[in-house]
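Data file: protein36.json. Format and content: JSON, C-alpha atoms.
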[["chain", "number", "residue", "atom", "x", "y", "z"],
["A", 1, "MET", "CA", -74.91, 154.11, -16.36],
["A", 2, "THR", "CA", -77.23, 151.74, -14.60],
["A", 3, "GLY", "CA", -79.93, 149.84, -16.48],
["A", 4, "THR", "CA", -83.56, 150.80, -16.14],
["A", 5, "PHE", "CA", -86.69, 148.71, -16.40],
["A", 6, "PRO", "CA", -90.34, 149.67, -16.91],
["A", 7, "ALA", "CA", -92.78, 148.88, -14.12],
["A", 8, "LEU", "CA", -96.52, 149.41, -13.70],
["A", 9, "THR", "CA", -97.28, 151.23, -10.45],
["A", 10, "PHE", "CA", -100.52, 151.05, -8.47],
["A", 11, "THR", "CA", -101.76, 151.62, -4.94],
["A", 12, "VAL", "CA", -103.20, 149.20, -2.43],
["A", 13, "CYS", "CA", -104.17, 150.42, 1.06],
["A", 14, "GLY", "CA", -102.40, 153.74, 0.51],
["A", 15, "HIS", "CA", -99.05, 152.14, -0.39],
["A", 16, "THR", "CA", -97.43, 152.22, -3.82],
["A", 17, "TYR", "CA", -96.44, 148.94, -5.46],
["A", 18, "ALA", "CA", -94.93, 148.05, -8.81],
["A", 19, "ILE", "CA", -94.66, 144.98, -11.00],
["A", 20, "SER", "CA", -92.45, 144.48, -14.00],
["A", 21, "ILE", "CA", -94.23, 145.53, -17.18],
["A", 22, "VAL", "CA", -93.08, 142.22, -18.67],
["A", 23, "ASP", "CA", -95.60, 140.45, -16.39],
["A", 24, "VAL", "CA", -98.51, 142.80, -17.25],
["A", 25, "VAL", "CA", -101.02, 141.67, -19.87],
["A", 26, "GLU", "CA", -103.51, 144.53, -19.45],
["A", 27, "VAL", "CA", -105.36, 146.78, -17.03],
["A", 28, "ALA", "CA", -109.07, 145.96, -17.05],
["A", 29, "ALA", "CA", -112.30, 147.33, -15.60],
["A", 30, "MET", "CA", -114.33, 145.17, -13.23],
["A", 31, "VAL", "CA", -116.80, 142.70, -14.64],
["A", 32, "GLU", "CA", -119.25, 140.34, -12.98],
["A", 33, "THR", "CA", -117.44, 138.03, -10.58],
["A", 34, "ALA", "CA", -118.38, 134.51, -9.54],
["A", 35, "THR", "CA", -117.50, 133.78, -5.93],
["A", 36, "ILE", "CA", -115.63, 130.70, -4.81],
["A", 37, "ALA", "CA", -116.55, 128.41, -1.86],
["A", 38, "ASP", "CA", -116.45, 130.09, 1.57],
["A", 39, "ASP", "CA", -113.48, 128.06, 2.84],
["A", 40, "THR", "CA", -110.99, 129.41, 0.28],
["A", 41, "ASP", "CA", -108.15, 131.77, 1.09],
["A", 42, "PRO", "CA", -109.60, 135.31, 1.37],
["A", 43, "ILE", "CA", -107.05, 136.59, -1.16],
["A", 44, "LEU", "CA", -109.06, 134.72, -3.82],
["A", 45, "HIS", "CA", -111.78, 137.23, -4.63],
["A", 46, "GLY", "CA", -113.45, 135.10, -7.28],
["A", 47, "VAL", "CA", -113.44, 134.18, -10.94],
["A", 48, "VAL", "CA", -114.13, 136.41, -13.94],
["A", 49, "ILE", "CA", -114.55, 135.57, -17.60],
["A", 50, "ARG", "CA", -111.80, 137.15, -19.70],
["A", 51, "ARG", "CA", -111.87, 136.58, -23.44],
["A", 52, "GLY", "CA", -114.13, 133.58, -22.98],
["A", 53, "GLU", "CA", -111.90, 131.88, -20.39],
["A", 54, "PRO", "CA", -112.18, 131.76, -16.58],
["A", 55, "MET", "CA", -109.55, 133.77, -14.72],
["A", 56, "MET", "CA", -108.87, 133.92, -10.98],
["A", 57, "LEU", "CA", -109.07, 137.36, -9.40],
["A", 58, "LEU", "CA", -106.84, 138.00, -6.37],
["A", 59, "ASP", "CA", -107.51, 140.78, -3.86],
["A", 60, "LEU", "CA", -104.14, 142.26, -2.90],
["A", 61, "ARG", "CA", -105.77, 144.04, 0.07],
["A", 62, "HIS", "CA", -106.06, 140.64, 1.79],
["A", 63, "LEU", "CA", -102.47, 139.74, 0.95],
["A", 64, "PHE", "CA", -101.28, 142.85, 2.80],
["A", 65, "TYR", "CA", -103.77, 142.55, 5.70],
["A", 66, "CYS", "CA", -105.81, 145.65, 4.82],
["A", 67, "ALA", "CA", -109.45, 146.30, 5.55],
["A", 68, "ASP", "CA", -111.97, 145.24, 2.93],
["A", 69, "ALA", "CA", -112.98, 147.81, 0.33],
["A", 70, "PRO", "CA", -116.08, 147.66, -1.83],
["A", 71, "VAL", "CA", -115.55, 146.24, -5.30],
["A", 72, "THR", "CA", -117.59, 148.18, -7.84],
["A", 73, "LEU", "CA", -117.71, 148.46, -11.61],
["A", 74, "GLU", "CA", -115.14, 151.29, -11.26],
["A", 75, "THR", "CA", -112.64, 148.94, -9.58],
["A", 76, "LEU", "CA", -109.67, 148.07, -11.77],
["A", 77, "PHE", "CA", -107.63, 144.92, -11.91],
["A", 78, "VAL", "CA", -104.27, 144.23, -13.45],
["A", 79, "VAL", "CA", -104.05, 141.07, -15.54],
["A", 80, "VAL", "CA", -100.64, 139.46, -15.01],
["A", 81, "GLN", "CA", -98.95, 136.41, -16.43],
["A", 82, "SER", "CA", -95.38, 135.63, -15.51],
["A", 83, "ASN", "CA", -93.15, 133.17, -17.34],
["A", 84, "SER", "CA", -93.90, 130.46, -14.78],
["A", 85, "ASP", "CA", -97.70, 130.90, -14.79],
["A", 86, "LYS", "CA", -99.81, 128.77, -17.11],
["A", 87, "GLU", "CA", -102.85, 131.04, -16.84],
["A", 88, "PRO", "CA", -103.26, 134.80, -16.47],
["A", 89, "VAL", "CA", -104.41, 136.07, -13.07],
["A", 90, "GLY", "CA", -106.08, 139.34, -12.09],
["A", 91, "PHE", "CA", -104.81, 141.50, -9.20],
["A", 92, "LEU", "CA", -107.46, 143.77, -7.66],
["A", 93, "VAL", "CA", -105.89, 147.15, -6.87],
["A", 94, "ASP", "CA", -107.16, 150.44, -5.44],
["A", 95, "GLN", "CA", -105.76, 152.69, -8.17],
["A", 96, "VAL", "CA", -103.50, 152.24, -11.20],
["A", 97, "GLN", "CA", -100.95, 155.04, -11.41],
["A", 98, "GLY", "CA", -98.98, 154.31, -14.58],
["A", 99, "VAL", "CA", -95.67, 153.12, -15.97],
["A", 100, "VAL", "CA", -92.40, 154.35, -14.48],
["A", 101, "TYR", "CA", -88.81, 153.54, -15.35],
["A", 102, "LEU", "CA", -86.85, 152.37, -12.32],
["A", 103, "LYS", "CA", -83.08, 152.09, -12.07],
["A", 104, "GLN", "CA", -82.03, 148.53, -11.27],
["A", 105, "ASP", "CA", -79.22, 149.77, -9.01],
["A", 106, "ASP", "CA", -81.66, 151.85, -6.92],
["A", 107, "VAL", "CA", -83.76, 148.82, -5.92],
["A", 108, "ARG", "CA", -82.89, 147.67, -2.41],
["A", 109, "PRO", "CA", -83.53, 143.97, -1.77],
["A", 110, "VAL", "CA", -85.92, 143.01, 1.01],
["A", 111, "GLU", "CA", -84.99, 140.18, 3.36],
["A", 112, "GLY", "CA", -87.50, 138.08, 5.28],
["A", 113, "GLY", "CA", -91.24, 138.42, 5.13],
["A", 114, "ARG", "CA", -93.26, 136.10, 2.95],
["A", 115, "GLY", "CA", -91.25, 136.82, -0.17],
["A", 116, "TYR", "CA", -93.90, 138.89, -1.98],
["A", 117, "ILE", "CA", -91.72, 141.98, -2.13],
["A", 118, "ARG", "CA", -88.60, 141.77, -4.31],
["A", 119, "GLY", "CA", -87.26, 145.15, -3.31],
["A", 120, "ILE", "CA", -87.96, 148.76, -2.39],
["A", 121, "VAL", "CA", -87.04, 151.84, -4.38],
["A", 122, "ALA", "CA", -87.56, 155.58, -3.92],
["A", 123, "HIS", "CA", -88.82, 157.20, -7.11],
["A", 124, "GLN", "CA", -89.77, 160.90, -7.29],
["A", 125, "GLN", "CA", -90.18, 161.10, -3.50],
["A", 126, "VAL", "CA", -92.44, 158.01, -3.42],
["A", 127, "LEU", "CA", -91.47, 154.72, -1.80],
["A", 128, "ILE", "CA", -92.34, 151.91, -4.22],
["A", 129, "GLN", "CA", -92.46, 148.24, -3.20],
["A", 130, "TRP", "CA", -91.59, 146.00, -6.16],
["A", 131, "LEU", "CA", -93.76, 142.86, -6.05],
["A", 132, "ASP", "CA", -92.84, 139.33, -7.05],
["A", 133, "VAL", "CA", -95.72, 138.13, -9.24],
["A", 134, "ASN", "CA", -94.53, 134.51, -9.09],
["A", 135, "ALA", "CA", -94.51, 134.44, -5.28],
["A", 136, "ILE", "CA", -98.00, 135.96, -5.05],
["A", 137, "THR", "CA", -99.60, 133.60, -7.55],
["A", 138, "ALA", "CA", -97.80, 130.56, -6.08],
["A", 139, "HIS", "CA", -99.20, 131.41, -2.63],
["A", 140, "ALA", "CA", -102.74, 132.11, -3.79],
["A", 141, "LEU", "CA", -103.06, 129.50, -6.52],
["A", 142, "PRO", "CA", -100.93, 126.48, -5.62],
["A", 143, "GLY", "CA", -102.89, 124.33, -8.10],
["A", 144, "SER", "CA", -104.02, 125.15, -11.61],
["A", 145, "LEU", "CA", -107.28, 126.57, -12.91],
["A", 146, "GLU", "CA", -108.16, 123.43, -14.82],
["A", 147, "MET", "CA", -111.87, 122.62, -14.49]]
Just give me the structure of the file as structure tokens.
Amino acid sequence: MTGTFPALTFTVCGHTYAISIVDVVEVAAMVETATIADDTDPILHGVVIRRGEPMMLLDLRHLFYCADAPVTLETLFVVVQSNSDKEPVGFLVDQVQGVVYLKQDDVRPVEGGRGYIRGIVAHQQVLIQWLDVNAITAHALPGSLEM
């Protein structure tokens, strides 16, 4: 029997993505966002205050070259923190779907690209792209959040 692992699934631009539940801190509703200087990477949506601390908010729509979508108080973001990250980071998503259990042996590795996708798996007739949280945060936040 192959091992399974829990993953949080969500949609961005009509595609389904997943991240390991180990990297998920929480799913949160949108709060007031402070914008960053105009010359920053467009994936950096801004900064929010989470539990009294500043946290960068990344717009995954920009990472995957999708059209802008309005960010409202109904917009959700997934707070992630991988083992290699010092600070938690928020991922703006279109819709959070829930937790699924994926079979490790069913995940097909992805070669090439920018390294954001660890693999692809079909689950209940849905194609899920498994994201690499470390690769995304390393691209978007090469420095730290220290102020």
> Which of these, A:Val71, A:Cys66, A:Ala138, A:Ile128, has the shortest distance to Tyr116 (chain A) once you count all atoms listed in the file?
Replying inline: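 Looking only at the distances to Tyr116 (chain A), the closest residue turns out to be A:Ala138.
In this comparison, which uses all atoms listed in the file, the residue of A:Leu44, A:Val133, A:Leu92, A:Ile49 approaching Thr72 (chain A) most closely is A:Leu92.
Comparing A:Arg61, A:Lys103, A:Arg118, A:His15 by their smallest distance to Gly3 (chain A), the closest is A:Lys103 (using only C-alpha atoms).
Reported to one decimal place, the separation of CA of Ser20 (chain A) from CA of Asp132 (chain A) is 8.7 Å.
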>> The residues within 12 Å of (-114.9, 134.7, -9.0), using only C-alpha atoms and the coordinates of the file, should be reported as a VMD selection string; which are they?
In response: chain A and resid 30 to 38 40 42 to 50 54 to 59 89 to 90 92 145
> If we count all atoms listed in the file, what is near Val107 (chain A) at a cut-off of 10 Å, once residues fewer than 2 positions away on the same chain are taken out, given as an MDAnalysis selection string?
Replying inline: chainID A and resid 102:105 109:110 118:123 128:130
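Closest approach to Leu8 (chain A) among A:Asn134, A:Gln97, A:Thr75, A:Gln81: A:Gln97, based on all atoms listed in the file.
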> Within 6 Å of (-97.7, 143.1, -7.6), only C-alpha atoms: residues as a list in words?
Replying inline: Ala18, Ile19, Leu131 and Val133 of chain A
> Using only C-alpha atoms, which of A:Ile117, A:Tyr101, A:Ala28, A:Thr16 sits nearest Arg51 (chain A)?
Replying inline: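 Closest to Arg51 (chain A), using only C-alpha atoms: A:Ala28.
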